[in-house]
Amino acid sequence: MSELTEILQRISTWMQQYQPEKDGKKIPLLAPGLTREEIESKVKDLPFRLSVELYELYQWHNGGYTCFLTVEEQEFVQKYSEQIKAFSLREMSHFFSLEEALSYAVSRESKAGKYIFPIFAWENNSECALLDLEQRETSPIVDNSTPSEKFLTFPNITNMMLYYTRLLESKYLWIY
């Protein structure tokens, strides 16, 4: 099992414990993961390649579920999220689905031939992987305001997810 898989399992465990409930039913906040074949079919004709880490991430979950919830469920989650934020100082972070991230990345090539692939967003900011023509094991992570390898936020997705896991476990972050 890779280090990233272990970290993602910690996040899954945490999210199961704190997942909001309505009328005794848990509301899923993350979409089910994709198979490798489903990911391949979505990325096969793109001008960049996903890293091995991104395949692993999207096989775990395909982003936040908010866009798939009913209006009533979205309102409930929003109210629940505001309560969490008000009482526990948690930041709110949206996990882009593969489709959302690909749409963004295809439309924004950086000056150095790198593509900016958003993973998490909050307020006016996002953590993005830098992708290029070759598949790599890892993806460097940059802030969307400074998408350059000179200004890395994290050296790879594994380190970013470990950081977010520590925030979740310290009750300072909420992912949806």
# chains A, B, ... in the order shown; residues from 1 in each chain; ligands from 1
>>> residues_around(residues="stretch 131-144 of chain A", least_positions_apart="5", cutoff="9 Å", atoms="only C-alpha atoms", output="list in words")
Pro47, Phe48, Arg49, Leu50, Ser51, Val52, Glu53, Leu54, Ala105, Gly113, Lys114, Tyr115, Ile116, Phe117, Pro118, Asn125, Ser126, Glu149, Phe151, Leu152, Thr153, Phe154, Pro155, Asn156, Ile157, Thr158 and Met160 of chain A
>>> residues_around(residues="A:Gln9", least_positions_apart="4", cutoff="12 Å", atoms="only C-alpha atoms", output="NGL selection string")
:A and (1-5 or 13-16 or 56-57 or 60-61 or 161-162 or 165)
>>> write_last_selection(atoms="N, CA and C atoms", output="compact mmCIF listing (two decimals), in the first residue's frame")
# COMPACT_ATOMS: atom_id res chain seq x y z
N MET A 1 0.85 -1.18 0.00
CA MET A 1 0.00 0.00 0.00
C MET A 1 0.90 1.24 0.00
N SER A 2 0.60 2.19 -0.87
CA SER A 2 1.41 3.40 -0.95
C SER A 2 1.12 4.33 0.23
N GLU A 3 2.04 5.25 0.46
CA GLU A 3 1.83 6.23 1.52
C GLU A 3 0.58 7.06 1.26
N LEU A 4 0.34 7.42 -0.01
CA LEU A 4 -0.85 8.20 -0.34
C LEU A 4 -2.12 7.41 -0.02
N THR A 5 -2.15 6.13 -0.35
CA THR A 5 -3.32 5.30 -0.04
C THR A 5 -3.57 5.26 1.47
N THR A 13 -11.62 7.44 7.11
CA THR A 13 -12.00 7.10 8.48
C THR A 13 -12.52 8.33 9.20
N TRP A 14 -11.81 9.44 9.06
CA TRP A 14 -12.23 10.68 9.71
C TRP A 14 -13.58 11.14 9.17
N MET A 15 -13.75 11.10 7.85
CA MET A 15 -14.99 11.59 7.25
C MET A 15 -16.18 10.73 7.63
N GLN A 16 -15.99 9.41 7.77
CA GLN A 16 -17.09 8.55 8.21
C GLN A 16 -17.54 8.93 9.61
N GLU A 56 -4.40 7.70 -8.40
CA GLU A 56 -4.71 7.14 -7.08
C GLU A 56 -5.75 7.99 -6.36
N LEU A 57 -5.60 9.31 -6.43
CA LEU A 57 -6.54 10.22 -5.77
C LEU A 57 -7.95 10.06 -6.33
N TRP A 60 -9.75 6.93 -5.43
CA TRP A 60 -10.26 7.00 -4.06
C TRP A 60 -11.63 7.66 -4.05
N HIS A 61 -11.70 8.90 -4.54
CA HIS A 61 -12.98 9.63 -4.66
C HIS A 61 -12.88 10.56 -5.87
N MET A 161 -1.80 15.94 0.89
CA MET A 161 -2.86 15.20 1.55
C MET A 161 -2.50 14.87 3.00
N LEU A 162 -1.23 14.66 3.28
CA LEU A 162 -0.81 14.45 4.67
C LEU A 162 -1.07 15.72 5.47
N THR A 165 -4.76 15.96 6.02
CA THR A 165 -5.18 14.95 7.00
C THR A 165 -4.91 15.45 8.42
>>> residues_around(residues="A:Gln19", least_positions_apart="5", cutoff="9 Å", atoms="only C-alpha atoms", output="number ranges by chain")
A: 14, 26-29
>>> residues_around(residues="A:Gly64", least_positions_apart="4", cutoff="6 Å", atoms="only C-alpha atoms", output="CSV table (one decimal) with N, CA and C atoms, in the first residue's frame")
chain,number,residue,atom,x,y,z
A,29,LEU,N,-20.4,13.3,1.2
A,29,LEU,CA,-19.8,14.5,0.8
A,29,LEU,C,-18.8,14.3,-0.3
A,30,LEU,N,-18.4,13.1,-0.5
A,30,LEU,CA,-17.4,12.8,-1.6
A,30,LEU,C,-18.0,11.8,-2.5
A,31,ALA,N,-17.8,12.1,-3.8
A,31,ALA,CA,-18.3,11.2,-4.8
A,31,ALA,C,-17.5,9.9,-4.8
A,95,PHE,N,-13.2,19.8,-3.1
A,95,PHE,CA,-12.4,18.8,-3.8
A,95,PHE,C,-13.0,18.7,-5.2
A,176,TYR,N,-15.5,19.0,1.2
A,176,TYR,CA,-16.8,18.6,0.6
A,176,TYR,C,-16.7,18.8,-0.9
>>> atom_distance(atom1="atom CA of A:Glu100", atom2="atom CA of A:Phe120")
11.0 Å
>>> atom_distance(atom1="atom CA of A:Ile119", atom2="atom CA of A:Phe96")
5.3 Å
>>> atom_distance(atom1="atom CA of A:Pro20", atom2="atom CA of A:Leu98")
23.7 Å
>>> closest_residue(among="A:Leu130, A:Leu167, A:Ala121, A:Leu8", to="A:His94", atoms="only C-alpha atoms")
A:Ala121
>>> closest_residue(among="A:Ala101, A:Leu168, A:Leu46, A:Leu34", to="A:Ile7", atoms="only C-alpha atoms")
A:Leu168
